[in-house]
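Undergrad: Enclosed is the structure file final27.pdb (PDB, C-alpha atoms).
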ATOM      1  CA  MET K   1       1.757 -22.164  -5.219
ATOM      2  CA  THR K   2       2.815 -19.577  -2.609
ATOM      3  CA  THR K   3       6.095 -18.024  -1.585
ATOM      4  CA  THR K   4       8.103 -20.295   0.733
ATOM      5  CA  HIS K   5       9.179 -17.482   3.076
ATOM      6  CA  GLN K   6       5.610 -16.453   3.985
ATOM      7  CA  HIS K   7       5.753 -17.194   7.705
ATOM      8  CA  PRO K   8       6.628 -15.148  10.821
ATOM      9  CA  LEU K   9      10.377 -14.675  11.380
ATOM     10  CA  PRO K  10       9.712 -13.922  14.327
ATOM     11  CA  SER K  11      10.858 -10.291  14.355
ATOM     12  CA  GLY K  12      10.504  -9.546  18.057
ATOM     13  CA  PHE K  13       7.931  -6.833  17.352
ATOM     14  CA  GLY K  14       4.136  -6.943  17.553
ATOM     15  CA  PRO K  15       0.807  -5.085  17.343
ATOM     16  CA  THR K  16       1.767  -2.376  19.848
ATOM     17  CA  THR K  17       5.143  -1.615  18.221
ATOM     18  CA  ARG K  18       5.468   2.049  17.285
ATOM     19  CA  ALA K  19       7.248   3.826  14.456
ATOM     20  CA  THR K  20       9.980   5.043  16.789
ATOM     21  CA  ASP K  21      10.638   1.450  17.908
ATOM     22  CA  VAL K  22      11.420   0.132  14.404
ATOM     23  CA  LEU K  23      13.431   3.239  13.472
ATOM     24  CA  ARG K  24      15.628   3.198  16.550
ATOM     25  CA  GLY K  25      19.218   3.287  15.297
ATOM     26  CA  VAL K  26      18.187   3.605  11.625
ATOM     27  CA  ASP K  27      20.024   6.310   9.647
ATOM     28  CA  LEU K  28      18.389   7.253   6.337
ATOM     29  CA  SER K  29      20.618  10.238   5.613
ATOM     30  CA  GLY K  30      21.004  10.625   1.860
ATOM     31  CA  LYS K  31      18.144   8.227   1.076
ATOM     32  CA  ARG K  32      15.467   9.395  -1.347
ATOM     33  CA  VAL K  33      11.874   8.322  -0.839
ATOM     34  CA  VAL K  34       8.487   8.791  -2.518
ATOM     35  CA  VAL K  35       5.354   8.363  -0.366
ATOM     36  CA  THR K  36       1.941   8.537  -2.019
ATOM     37  CA  GLY K  37      -0.762   9.871   0.270
ATOM     38  CA  GLY K  38       1.999  11.198   2.498
ATOM     39  CA  TYR K  39       0.108  14.264   3.666
ATOM     40  CA  ALA K  40      -2.639  12.679   5.799
ATOM     41  CA  GLY K  41      -3.203   9.860   8.259
ATOM     42  CA  LEU K  42      -0.797   6.944   8.031
ATOM     43  CA  GLY K  43       1.059   8.497   5.126
ATOM     44  CA  LEU K  44       1.855  11.648   7.072
ATOM     45  CA  GLU K  45       2.963   9.606  10.090
ATOM     46  CA  THR K  46       5.204   7.592   7.772
ATOM     47  CA  VAL K  47       6.747  10.751   6.334
ATOM     48  CA  ARG K  48       7.391  12.062   9.839
ATOM     49  CA  GLY K  49       9.281   8.886  10.722
ATOM     50  CA  LEU K  50      11.313   8.905   7.509
ATOM     51  CA  THR K  51      12.374  12.539   7.796
ATOM     52  CA  ALA K  52      13.241  12.121  11.483
ATOM     53  CA  ALA K  53      15.639   9.369  10.370
ATOM     54  CA  GLY K  54      17.231  11.705   7.817
ATOM     55  CA  ALA K  55      15.498  10.761   4.544
ATOM     56  CA  ARG K  56      14.579  13.189   1.766
ATOM     57  CA  VAL K  57      10.930  12.612   0.874
ATOM     58  CA  VAL K  58       8.795  13.559  -2.115
ATOM     59  CA  VAL K  59       5.027  13.529  -1.544
ATOM     60  CA  PRO K  60       2.890  13.534  -4.698
ATOM     61  CA  ALA K  61      -0.629  14.755  -3.972
ATOM     62  CA  ARG K  62      -3.927  15.299  -5.732
ATOM     63  CA  SER K  63      -4.596  18.316  -3.462
ATOM     64  CA  PRO K  64      -1.356  20.349  -3.456
ATOM     65  CA  ASP K  65      -2.637  23.104  -1.156
ATOM     66  CA  LYS K  66      -3.824  20.605   1.448
ATOM     67  CA  ALA K  67      -0.528  18.737   1.200
ATOM     68  CA  ARG K  68       1.583  21.876   1.633
ATOM     69  CA  ALA K  69      -0.344  22.839   4.751
ATOM     70  CA  ALA K  70      -0.041  19.354   6.272
ATOM     71  CA  LEU K  71       3.682  19.033   5.513
ATOM     72  CA  GLU K  72       4.665  22.527   6.647
ATOM     73  CA  GLY K  73       7.543  22.454   9.089
ATOM     74  CA  LEU K  74       8.800  18.977   8.208
ATOM     75  CA  PRO K  75      12.422  18.983   7.042
ATOM     76  CA  ASN K  76      13.591  17.591   3.691
ATOM     77  CA  VAL K  77      10.088  17.184   2.233
ATOM     78  CA  GLU K  78       9.113  18.152  -1.307
ATOM     79  CA  GLN K  79       5.521  18.239  -2.517
ATOM     80  CA  ALA K  80       4.452  17.622  -6.120
ATOM     81  CA  ALA K  81       1.175  17.292  -8.027
ATOM     82  CA  MET K  82      -0.156  13.850  -9.002
ATOM     83  CA  ASP K  83      -3.558  12.144  -9.162
ATOM     84  CA  LEU K  84      -3.639   8.328  -9.153
ATOM     85  CA  LEU K  85      -6.827   8.429 -11.237
ATOM     86  CA  ASP K  86      -5.148  10.559 -13.920
ATOM     87  CA  PRO K  87      -2.543   8.621 -15.955
ATOM     88  CA  ALA K  88      -1.203  11.823 -17.548
ATOM     89  CA  SER K  89      -0.400  13.296 -14.130
ATOM     90  CA  ILE K  90       1.330  10.066 -13.065
ATOM     91  CA  SER K  91       3.484  10.215 -16.193
ATOM     92  CA  ARG K  92       4.374  13.886 -15.652
ATOM     93  CA  PHE K  93       5.356  13.321 -12.027
ATOM     94  CA  ALA K  94       7.416  10.189 -12.723
ATOM     95  CA  ASP K  95       9.133  11.581 -15.820
ATOM     96  CA  GLU K  96      10.221  14.698 -13.946
ATOM     97  CA  LEU K  97      11.574  12.681 -11.023
ATOM     98  CA  VAL K  98      13.428  10.186 -13.229
ATOM     99  CA  SER K  99      14.911  12.990 -15.341
ATOM    100  CA  ARG K 100      16.804  14.306 -12.310
ATOM    101  CA  GLY K 101      19.073  11.269 -12.489
ATOM    102  CA  ASP K 102      18.876  10.580  -8.750
ATOM    103  CA  PRO K 103      18.371   7.103  -7.285
ATOM    104  CA  LEU K 104      15.091   6.268  -5.552
ATOM    105  CA  ASP K 105      15.783   4.149  -2.487
ATOM    106  CA  LEU K 106      12.219   3.685  -1.241
ATOM    107  CA  LEU K 107       8.829   3.856  -2.923
ATOM    108  CA  ILE K 108       5.948   3.652  -0.461
ATOM    109  CA  LEU K 109       2.565   3.203  -2.150
ATOM    110  CA  ASN K 110       0.348   4.327   0.701
ATOM    111  CA  ALA K 111      -2.548   6.284  -0.840
ATOM    112  CA  GLY K 112      -5.922   4.657  -1.265
ATOM    113  CA  ILE K 113      -9.700   4.754  -1.034
ATOM    114  CA  MET K 114     -12.082   2.343   0.692
ATOM    115  CA  ALA K 115     -15.667   1.209   0.145
ATOM    116  CA  ALA K 116     -16.378   4.013  -2.308
ATOM    117  CA  PRO K 117     -19.635   4.178  -4.264
ATOM    118  CA  LEU K 118     -19.298   3.184  -7.898
ATOM    119  CA  ARG K 119     -17.127   5.710  -9.680
ATOM    120  CA  ARG K 120     -14.851   5.368 -12.687
ATOM    121  CA  ASP K 121     -11.649   7.026 -13.832
ATOM    122  CA  ALA K 122     -11.222   8.680 -17.220
ATOM    123  CA  ARG K 123     -10.479   5.305 -18.831
ATOM    124  CA  GLY K 124     -13.583   3.667 -17.359
ATOM    125  CA  HIS K 125     -11.886   1.623 -14.640
ATOM    126  CA  GLU K 126     -13.635   1.154 -11.302
ATOM    127  CA  SER K 127     -12.176   3.738  -8.938
ATOM    128  CA  GLN K 128     -10.925   1.494  -6.113
ATOM    129  CA  PHE K 129      -9.124  -0.839  -8.520
ATOM    130  CA  ALA K 130      -7.828   2.195 -10.421
ATOM    131  CA  ALA K 131      -6.613   4.295  -7.490
ATOM    132  CA  ASN K 132      -5.428   1.544  -5.170
ATOM    133  CA  HIS K 133      -3.788  -0.684  -7.773
ATOM    134  CA  LEU K 134      -3.567   0.538 -11.377
ATOM    135  CA  GLY K 135      -2.324   4.028 -10.519
ATOM    136  CA  HIS K 136       0.348   2.632  -8.221
ATOM    137  CA  PHE K 137       1.305  -0.032 -10.763
ATOM    138  CA  GLU K 138       1.838   2.637 -13.407
ATOM    139  CA  LEU K 139       3.754   4.886 -11.011
ATOM    140  CA  ALA K 140       6.140   2.106  -9.933
ATOM    141  CA  LEU K 141       6.891   1.041 -13.490
ATOM    142  CA  ARG K 142       7.521   4.615 -14.614
ATOM    143  CA  LEU K 143       9.863   5.137 -11.636
ATOM    144  CA  TRP K 144      11.699   1.885 -12.363
ATOM    145  CA  PRO K 145      14.871   3.538 -13.746
ATOM    146  CA  ALA K 146      15.275   5.517 -10.500
ATOM    147  CA  LEU K 147      14.650   2.421  -8.369
ATOM    148  CA  ARG K 148      17.322   0.495 -10.265
ATOM    149  CA  ARG K 149      19.817   3.341  -9.798
ATOM    150  CA  ALA K 150      19.614   2.904  -6.024
ATOM    151  CA  GLY K 151      21.415  -0.435  -6.170
ATOM    152  CA  ALA K 152      19.242  -1.674  -3.293
ATOM    153  CA  ALA K 153      15.677  -0.344  -3.272
ATOM    154  CA  ARG K 154      12.436  -1.402  -1.655
ATOM    155  CA  VAL K 155       8.845  -0.895  -2.773
ATOM    156  CA  VAL K 156       6.264  -1.095   0.003
ATOM    157  CA  VAL K 157       2.636  -1.498  -1.052
ATOM    158  CA  LEU K 158      -0.145  -0.846   1.462
ATOM    159  CA  THR K 159      -2.725  -3.629   1.393
ATOM    160  CA  SER K 160      -5.260  -4.619   4.050
ATOM    161  CA  LEU K 161      -6.861  -7.553   5.822
ATOM    162  CA  GLY K 162      -9.752  -6.440   3.601
ATOM    163  CA  HIS K 163      -8.154  -8.557   0.872
ATOM    164  CA  ARG K 164     -10.118 -11.419   2.419
ATOM    165  CA  PHE K 165     -13.344  -9.934   1.002
ATOM    166  CA  ALA K 166     -12.476 -10.913  -2.568
ATOM    167  CA  PRO K 167      -9.697 -12.110  -4.867
ATOM    168  CA  VAL K 168      -9.111 -10.355  -8.182
ATOM    169  CA  ASP K 169     -11.841 -11.073 -10.732
ATOM    170  CA  PHE K 170      -9.763 -11.255 -13.896
ATOM    171  CA  GLU K 171     -12.821 -11.558 -16.123
ATOM    172  CA  ASP K 172     -14.551  -8.411 -14.818
ATOM    173  CA  PRO K 173     -12.238  -6.318 -12.608
ATOM    174  CA  ASP K 174     -14.175  -3.121 -13.381
ATOM    175  CA  PHE K 175     -17.652  -4.420 -12.508
ATOM    176  CA  ALA K 176     -18.799  -3.881 -16.082
ATOM    177  CA  ARG K 177     -21.034  -6.981 -16.002
ATOM    178  CA  ARG K 178     -21.445  -8.014 -12.365
ATOM    179  CA  PRO K 179     -23.399  -6.008  -9.773
ATOM    180  CA  TYR K 180     -21.228  -3.510  -7.925
ATOM    181  CA  ASP K 181     -20.376  -4.324  -4.315
ATOM    182  CA  LYS K 182     -18.205  -1.696  -2.645
ATOM    183  CA  TRP K 183     -16.628  -4.168  -0.210
ATOM    184  CA  LYS K 184     -15.864  -6.740  -2.888
ATOM    185  CA  ALA K 185     -14.347  -3.944  -4.972
ATOM    186  CA  TYR K 186     -12.231  -2.873  -2.010
ATOM    187  CA  GLY K 187     -11.194  -6.478  -1.302
ATOM    188  CA  GLN K 188     -10.244  -7.008  -4.947
ATOM    189  CA  SER K 189      -8.067  -3.875  -4.920
ATOM    190  CA  LYS K 190      -6.322  -4.968  -1.726
ATOM    191  CA  SER K 191      -5.713  -8.472  -3.121
ATOM    192  CA  ALA K 192      -4.261  -6.726  -6.168
ATOM    193  CA  ASN K 193      -1.959  -4.663  -3.937
ATOM    194  CA  ALA K 194      -0.577  -7.809  -2.305
ATOM    195  CA  LEU K 195      -0.166  -9.592  -5.639
ATOM    196  CA  PHE K 196       1.588  -6.558  -7.102
ATOM    197  CA  ALA K 197       4.251  -6.792  -4.381
ATOM    198  CA  VAL K 198       4.783 -10.448  -5.334
ATOM    199  CA  GLY K 199       4.984  -9.674  -9.057
ATOM    200  CA  LEU K 200       7.292  -6.703  -8.625
ATOM    201  CA  ASP K 201       9.625  -8.628  -6.352
ATOM    202  CA  ARG K 202       9.883 -11.506  -8.823
ATOM    203  CA  ARG K 203      10.935  -9.063 -11.545
ATOM    204  CA  GLY K 204      13.019  -6.772  -9.370
ATOM    205  CA  ALA K 205      15.016  -9.201  -7.226
ATOM    206  CA  ALA K 206      17.721  -9.600  -9.889
ATOM    207  CA  HIS K 207      18.253  -5.812  -9.685
ATOM    208  CA  ASN K 208      18.017  -5.782  -5.865
ATOM    209  CA  VAL K 209      14.639  -4.042  -5.970
ATOM    210  CA  ARG K 210      12.436  -5.898  -3.475
ATOM    211  CA  GLY K 211       8.697  -5.638  -2.932
ATOM    212  CA  PHE K 212       6.644  -5.991   0.255
ATOM    213  CA  ALA K 213       2.919  -5.769   0.989
ATOM    214  CA  VAL K 214       1.853  -4.272   4.318
ATOM    215  CA  HIS K 215      -1.358  -4.560   6.288
ATOM    216  CA  PRO K 216      -0.906  -1.660   8.726
ATOM    217  CA  GLY K 217      -3.699  -2.715  11.075
ATOM    218  CA  ALA K 218      -7.089  -1.209  11.830
ATOM    219  CA  ILE K 219      -6.594   2.549  12.185
ATOM    220  CA  LEU K 220      -9.267   5.233  12.135
ATOM    221  CA  THR K 221      -8.198   7.739   9.481
ATOM    222  CA  ASP K 222      -9.854   9.667   6.656
ATOM    223  CA  LEU K 223      -9.794   6.410   4.674
ATOM    224  CA  THR K 224     -13.242   5.978   6.265
ATOM    225  CA  ARG K 225     -14.617   9.038   4.461
ATOM    226  CA  ASP K 226     -17.037   7.019   2.307
ATOM    227  CA  LEU K 227     -18.384   4.813   5.106
ATOM    228  CA  THR K 228     -22.026   5.094   6.103
ATOM    229  CA  ALA K 229     -23.456   5.060   9.618
ATOM    230  CA  GLU K 230     -24.420   1.429   8.971
ATOM    231  CA  ASP K 231     -20.829   0.605   8.043
ATOM    232  CA  PHE K 232     -19.504   2.152  11.249
ATOM    233  CA  ALA K 233     -22.117   0.269  13.279
ATOM    234  CA  ALA K 234     -21.032  -3.022  11.682
ATOM    235  CA  PHE K 235     -17.518  -2.352  13.019
ATOM    236  CA  GLY K 236     -18.881  -1.451  16.441
ATOM    237  CA  LEU K 237     -17.959   2.202  16.022
ATOM    238  CA  PRO K 238     -19.896   5.439  16.433
ATOM    239  CA  PRO K 239     -20.213   7.342  13.134
ATOM    240  CA  ASP K 240     -18.577  10.466  14.591
ATOM    241  CA  ASN K 241     -15.553   8.668  16.018
ATOM    242  CA  ALA K 242     -12.461  10.909  16.016
ATOM    243  CA  HIS K 243      -9.872   9.850  13.455
ATOM    244  CA  GLY K 244      -6.911   8.042  14.920
ATOM    245  CA  VAL K 245      -8.492   7.478  18.331
ATOM    246  CA  ALA K 246      -9.800   4.029  19.243
ATOM    247  CA  PRO K 247     -12.954   3.903  21.394
ATOM    248  CA  THR K 248     -12.418   2.928  25.015
ATOM    249  CA  GLY K 249     -11.655  -0.768  25.328
ATOM    250  CA  MET K 250     -10.926  -1.264  21.611
ATOM    251  CA  SER K 251      -7.243  -0.311  21.344
ATOM    252  CA  VAL K 252      -4.524  -2.928  20.865
ATOM    253  CA  GLU K 253      -3.168  -2.089  24.323
ATOM    254  CA  GLU K 254      -6.562  -3.041  25.750
ATOM    255  CA  GLY K 255      -6.794  -6.261  23.767
ATOM    256  CA  GLY K 256      -8.797  -4.689  20.942
ATOM    257  CA  ARG K 257      -8.015  -4.336  17.252
ATOM    258  CA  TYR K 258      -7.487  -0.611  16.717
ATOM    259  CA  LYS K 259      -4.052   0.974  16.462
ATOM    260  CA  ASP K 260      -3.052   4.599  16.676
ATOM    261  CA  LEU K 261      -1.182   6.273  13.827
ATOM    262  CA  ALA K 262       2.299   5.593  15.201
ATOM    263  CA  GLN K 263       1.483   1.902  15.598
ATOM    264  CA  GLY K 264      -0.118   1.826  12.161
ATOM    265  CA  ALA K 265       2.917   3.312  10.432
ATOM    266  CA  ALA K 266       5.310   0.927  12.169
ATOM    267  CA  THR K 267       4.921  -2.025   9.783
ATOM    268  CA  THR K 268       5.404   0.187   6.726
ATOM    269  CA  LEU K 269       8.597   1.591   8.207
ATOM    270  CA  TRP K 270       9.787  -1.850   9.300
ATOM    271  CA  CYS K 271       9.367  -3.215   5.766
ATOM    272  CA  ALA K 272      11.055  -0.129   4.338
ATOM    273  CA  THR K 273      14.126  -0.198   6.580
ATOM    274  CA  SER K 274      14.603  -3.425   8.569
ATOM    275  CA  ARG K 275      17.779  -5.443   8.020
ATOM    276  CA  GLN K 276      15.749  -8.459   9.142
ATOM    277  CA  LEU K 277      14.256  -8.484   5.627
ATOM    278  CA  ASP K 278      17.544  -8.309   3.716
ATOM    279  CA  GLY K 279      17.503 -10.879   0.930
ATOM    280  CA  LEU K 280      13.738 -11.385   1.213
ATOM    281  CA  GLY K 281      10.798 -10.011  -0.721
ATOM    282  CA  GLY K 282       7.360 -10.660  -2.150
ATOM    283  CA  LEU K 283       5.991 -11.021   1.388
ATOM    284  CA  TYR K 284       2.754  -9.929   3.047
ATOM    285  CA  CYS K 285       3.548  -8.376   6.431
ATOM    286  CA  GLU K 286       1.575  -7.244   9.467
ATOM    287  CA  ASN K 287       2.375  -6.247  13.048
ATOM    288  CA  CYS K 288       6.022  -5.645  12.056
ATOM    289  CA  ASP K 289       6.556  -9.250  11.024
ATOM    290  CA  VAL K 290       5.872 -11.553   8.100
ATOM    291  CA  ALA K 291       2.261 -12.755   8.285
ATOM    292  CA  ARG K 292       1.141 -16.372   8.408
ATOM    293  CA  ILE K 293      -0.869 -17.954   5.617
ATOM    294  CA  VAL K 294      -4.536 -18.526   6.490
ATOM    295  CA  ALA K 295      -5.896 -21.441   4.460
ATOM    296  CA  GLU K 296      -9.329 -21.489   2.851
ATOM    297  CA  GLY K 297     -11.887 -22.535   5.443
ATOM    298  CA  GLU K 298      -9.685 -21.520   8.369
ATOM    299  CA  VAL K 299     -11.061 -18.784  10.625
ATOM    300  CA  PHE K 300      -9.518 -15.489   9.569
ATOM    301  CA  ASP K 301      -8.170 -13.433  12.465
ATOM    302  CA  GLY K 302      -5.202 -11.919  10.678
ATOM    303  CA  GLY K 303      -2.677 -13.240   8.209
ATOM    304  CA  VAL K 304      -2.990 -13.598   4.449
ATOM    305  CA  ARG K 305      -5.195 -15.702   2.200
ATOM    306  CA  PRO K 306      -3.252 -17.860  -0.314
ATOM    307  CA  TRP K 307      -4.742 -16.110  -3.346
ATOM    308  CA  ALA K 308      -3.107 -12.810  -2.362
ATOM    309  CA  ILE K 309       0.448 -14.201  -2.516
ATOM    310  CA  ASP K 310       0.118 -16.721  -5.363
ATOM    311  CA  PRO K 311       2.873 -16.121  -7.982
ATOM    312  CA  ALA K 312       0.665 -17.427 -10.801
ATOM    313  CA  GLN K 313      -2.090 -14.990  -9.857
ATOM    314  CA  ALA K 314       0.534 -12.242  -9.537
ATOM    315  CA  ASP K 315       1.754 -12.908 -13.082
ATOM    316  CA  ARG K 316      -1.806 -12.904 -14.391
ATOM    317  CA  LEU K 317      -2.458  -9.577 -12.666
ATOM    318  CA  TRP K 318       0.783  -8.156 -14.043
ATOM    319  CA  THR K 319      -0.238  -9.016 -17.605
ATOM    320  CA  LEU K 320      -3.705  -7.523 -17.068
ATOM    321  CA  SER K 321      -2.263  -4.361 -15.502
ATOM    322  CA  GLU K 322       0.147  -3.803 -18.376
ATOM    323  CA  ARG K 323      -2.750  -4.116 -20.799
ATOM    324  CA  LEU K 324      -5.037  -1.780 -18.869
ATOM    325  CA  THR K 325      -2.405   0.913 -18.268
ATOM    326  CA  GLY K 326      -0.419   0.598 -21.479
ATOM    327  CA  VAL K 327       2.800   0.623 -19.424
ATOM    328  CA  SER K 328       5.174  -2.323 -19.601
ATOM    329  CA  PHE K 329       7.949  -3.430 -17.276
ATOM    330  CA  GLY K 330      11.323  -1.990 -18.265
ATOM    331  CA  THR K 331       9.919   0.956 -20.217
TER
END
Write out the structure in this file as structure tokens.

TA:
Amino acid sequence: MTTTHQHPLPSGFGPTTRATDVLRGVDLSGKRVVVTGGYAGLGLETVRGLTAAGARVVVPARSPDKARAALEGLPNVEQAAMDLLDPASISRFADELVSRGDPLDLLILNAGIMAAPLRRDARGHESQFAANHLGHFELALRLWPALRRAGAARVVVLTSLGHRFAPVDFEDPDFARRPYDKWKAYGQSKSANALFAVGLDRRGAAHNVRGFAVHPGAILTDLTRDLTAEDFAAFGLPPDNAHGVAPTGMSVEEGGRYKDLAQGAATTLWCATSRQLDGLGGLYCENCDVARIVAEGEVFDGGVRPWAIDPAQADRLWTLSERLTGVSFGT
């Protein structure tokens, strides 16, 4: 079973839409936002758009000094310490924010890693599943009181077309028994991101807290830090390609697949702010619109596989995530 609203609106936007296009006329004055990974790449571009529209943004970061340097000069931005692989730091950050008593209007779960070699967090969880999904799951649940205070909040979870590499393996999510494959691990974590948006929306809709999953597009950022020369070659890219710059002939304007940072941040900002999505949630979005469902066996050239938006799979993941993190909904 899949969500019935998972089809293009259409929104009137597309692959070349930029952050400034979706934010035109949007006033976020007085809105409070948290953006993980908001000090580099897409996250930083997202923070720039939010602050330009008047929002107050908190950026939790594993590398505070790097974050302060990157965010210097941006108005209404606060930086705090947090590591998605360290549950204690997630708890400290969330508890401090919730204790202020302020509403949280937007939570943008942007940080992530891709195709990393096998590493584990302190609890033994595979690092891509832990950083991309479990850390964000725990953060969102711990920030739940602040999200509810907003009266109308949105949670935007960054996923990827990489979800097509693998669904969630509920029997062995941490590769304890099966051979490790960095791309299957990445795909599993991105499927988990999409399913988390479905699960959160199903639980949050009654409180007007809605969840959306976003595939931002193919963008060359420091997310590629763990890729090998062979990986870059498989994507038709030179290994020293400058971050954020598509090779000649490969940009979306030229009919290619690569976006720049402003185009990449556009779908996140559209899901975070667009009135076109009022009353909707639990959707996988791309190119500033709701994505189409791509059935098993159908050639995948964008869109979402059914397993990544299946409510039954989302509930199963929710139960697993509560068990693995020790954090339950409503606590």

Undergrad: Could you give me, as an MDAnalysis selection string, the residues within 9 Å of Ala295 of chain K, counting all atoms listed in the file and dropping anything in the same chain fewer than 6 positions from it?

TA: chainID K and resid 304:306

Undergrad: At a cut-off of 7 Å, using all atoms listed in the file, what residues contact Glu45 of chain K? Leave out same-chain residues fewer than 2 positions from it and give the result as a short mmCIF file (atom, residue, chain, number, x, y, z; two decimals) with C-alpha atoms, in the coordinates of the input.

TA:
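So result-v1.cif came out as:
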data_model
loop_
_atom_site.label_atom_id
_atom_site.label_comp_id
_atom_site.auth_asym_id
_atom_site.auth_seq_id
_atom_site.Cartn_x
_atom_site.Cartn_y
_atom_site.Cartn_z
CA GLY K 41 -3.20 9.86 8.26
CA LEU K 42 -0.80 6.94 8.03
CA GLY K 43 1.06 8.50 5.13
CA VAL K 47 6.75 10.75 6.33
CA ARG K 48 7.39 12.06 9.84
CA GLY K 49 9.28 8.89 10.72
CA LEU K 261 -1.18 6.27 13.83
CA ALA K 262 2.30 5.59 15.20
CA ALA K 265 2.92 3.31 10.43
#

Undergrad: The PyMOL selection byres ((chain K and resi 70) around 12) - which residues does that actually catch in the file I just gave you? List them as a list in words.

TA: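 Residues picked by the PyMOL selection byres ((chain K and resi 70) around 12): Gly37, Gly38, Tyr39, Ala40, Gly41, Gly43, Leu44, Glu45, Val47, Arg48, Val59, Ala61, Ser63, Pro64, Asp65, Lys66, Ala67, Arg68, Ala69, Leu71, Glu72, Gly73, Leu74, Val77, Glu78 and Gln79 of chain K.
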
Undergrad: List every protein, DNA or RNA residue that has an atom no more than 12 Å from (-5.3, -17.1, 6.5) in the file's coordinate frame, counting only C-alpha atoms, and report them as a PyMOL selection string.

TA: chain K and resi 6-7+161-164+284+291-309

Undergrad: If you keep C-alpha atoms, can you produce a file of those selected residues as a PDB file, in the frame of the given file?

TA:
ATOM      1  CA  GLN K   6       5.610 -16.453   3.985  1.00  0.00           C
ATOM      2  CA  HIS K   7       5.753 -17.194   7.705  1.00  0.00           C
ATOM      3  CA  LEU K 161      -6.861  -7.553   5.822  1.00  0.00           C
ATOM      4  CA  GLY K 162      -9.752  -6.440   3.601  1.00  0.00           C
ATOM      5  CA  HIS K 163      -8.154  -8.557   0.872  1.00  0.00           C
ATOM      6  CA  ARG K 164     -10.118 -11.419   2.419  1.00  0.00           C
ATOM      7  CA  TYR K 284       2.754  -9.929   3.047  1.00  0.00           C
ATOM      8  CA  ALA K 291       2.261 -12.755   8.285  1.00  0.00           C
ATOM      9  CA  ARG K 292       1.141 -16.372   8.408  1.00  0.00           C
ATOM     10  CA  ILE K 293      -0.869 -17.954   5.617  1.00  0.00           C
ATOM     11  CA  VAL K 294      -4.536 -18.526   6.490  1.00  0.00           C
ATOM     12  CA  ALA K 295      -5.896 -21.441   4.460  1.00  0.00           C
ATOM     13  CA  GLU K 296      -9.329 -21.489   2.851  1.00  0.00           C
ATOM     14  CA  GLY K 297     -11.887 -22.535   5.443  1.00  0.00           C
ATOM     15  CA  GLU K 298      -9.685 -21.520   8.369  1.00  0.00           C
ATOM     16  CA  VAL K 299     -11.061 -18.784  10.625  1.00  0.00           C
ATOM     17  CA  PHE K 300      -9.518 -15.489   9.569  1.00  0.00           C
ATOM     18  CA  ASP K 301      -8.170 -13.433  12.465  1.00  0.00           C
ATOM     19  CA  GLY K 302      -5.202 -11.919  10.678  1.00  0.00           C
ATOM     20  CA  GLY K 303      -2.677 -13.240   8.209  1.00  0.00           C
ATOM     21  CA  VAL K 304      -2.990 -13.598   4.449  1.00  0.00           C
ATOM     22  CA  ARG K 305      -5.195 -15.702   2.200  1.00  0.00           C
ATOM     23  CA  PRO K 306      -3.252 -17.860  -0.314  1.00  0.00           C
ATOM     24  CA  TRP K 307      -4.742 -16.110  -3.346  1.00  0.00           C
ATOM     25  CA  ALA K 308      -3.107 -12.810  -2.362  1.00  0.00           C
ATOM     26  CA  ILE K 309       0.448 -14.201  -2.516  1.00  0.00           C
TER      27      ILE K 309
END

Undergrad: Report the distance between atom CA of Leu85 of chain K and atom CA of Glu322 of chain K in Å, rounded to one decimal place.

TA: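 Going from atom CA of Leu85 of chain K over to atom CA of Glu322 of chain K covers 15.8 Å.
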
Undergrad: Can you list, as a PyMOL selection string, every protein, DNA or RNA residue that comes within 12 Å of Gly112 of chain K when you count only C-alpha atoms, leaving out same-chain residues fewer than 3 positions away?

TA: chain K and resi 35-38+40-43+61-62+83-85+108-109+115-116+127-136+157-160+186+189-190+193+221-226

Undergrad: What is the distance between atom CA of Pro15 of chain K and atom CA of Asp201 of chain K, in Å to one decimal?

TA: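 Separation of atom CA of Pro15 of chain K and atom CA of Asp201 of chain K: 25.5 Å.
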
Undergrad: Calculated over only C-alpha atoms, which of the candidates K:Met82, K:Leu97, K:Leu283, K:Met114 has the smallest distance to Asp181 of chain K?

TA: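 Closest to Asp181 of chain K of all the choices is K:Met114.
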
Undergrad: I want to know what sits within 8 Å of Lys184 of chain K, based on only C-alpha atoms, with residues of the same chain fewer than 3 positions away left out; could you give that as a list in words?

TA: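 Residues meeting the cut-off are Phe165, Ala166, Asp181, Gly187 and Gln188 of chain K.
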
Undergrad: In Å to one decimal, how far is atom CA of Arg323 of chain K from atom CA of Ala153 of chain K?

TA: 25.7 Å

Undergrad: Restricting the calculation to all atoms listed in the file: of K:Asp278, K:Asp95, K:Asp102, K:Asp169, which residue gets closest to Arg154 of chain K?

TA: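 Once distances to Arg154 of chain K are computed over all atoms listed in the file, the minimum belongs to K:Asp278.
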
Undergrad: Give me the box for segment 316-327 of chain K as lines of an AutoDock Vina configuration file, namely the centre and edge lengths in Å to one decimal of a box along x, y and z that holds every listed atom plus 8 Å on each side.

TA:
center_x = -1.1
center_y = -6.0
center_z = -17.1
size_x = 23.8
size_y = 29.8
size_z = 24.8

Undergrad: What do you get, as a VMD selection string, if you spell out every residue that the PyMOL selection byres ((chain K and resi 176) around 12) selects here?

TA: chain K and resid 118 to 120 124 to 126 169 to 175 177 to 181 185

Undergrad: Step by step: start from the point (17.4, 11.1, 10.0) in the file's coordinates, keep every protein, DNA or RNA residue that has an atom no farther than 10 Å from it, count all atoms listed in the file, and write the set as a list of chain:residue names.

TA: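 Those residues lying close to the given coordinates are K:Leu23, K:Gly25, K:Val26, K:Asp27, K:Leu28, K:Ser29, K:Gly30, K:Lys31, K:Gly49, K:Leu50, K:Thr51, K:Ala52, K:Ala53, K:Gly54, K:Ala55, K:Arg56, K:Pro75, K:Asn76.
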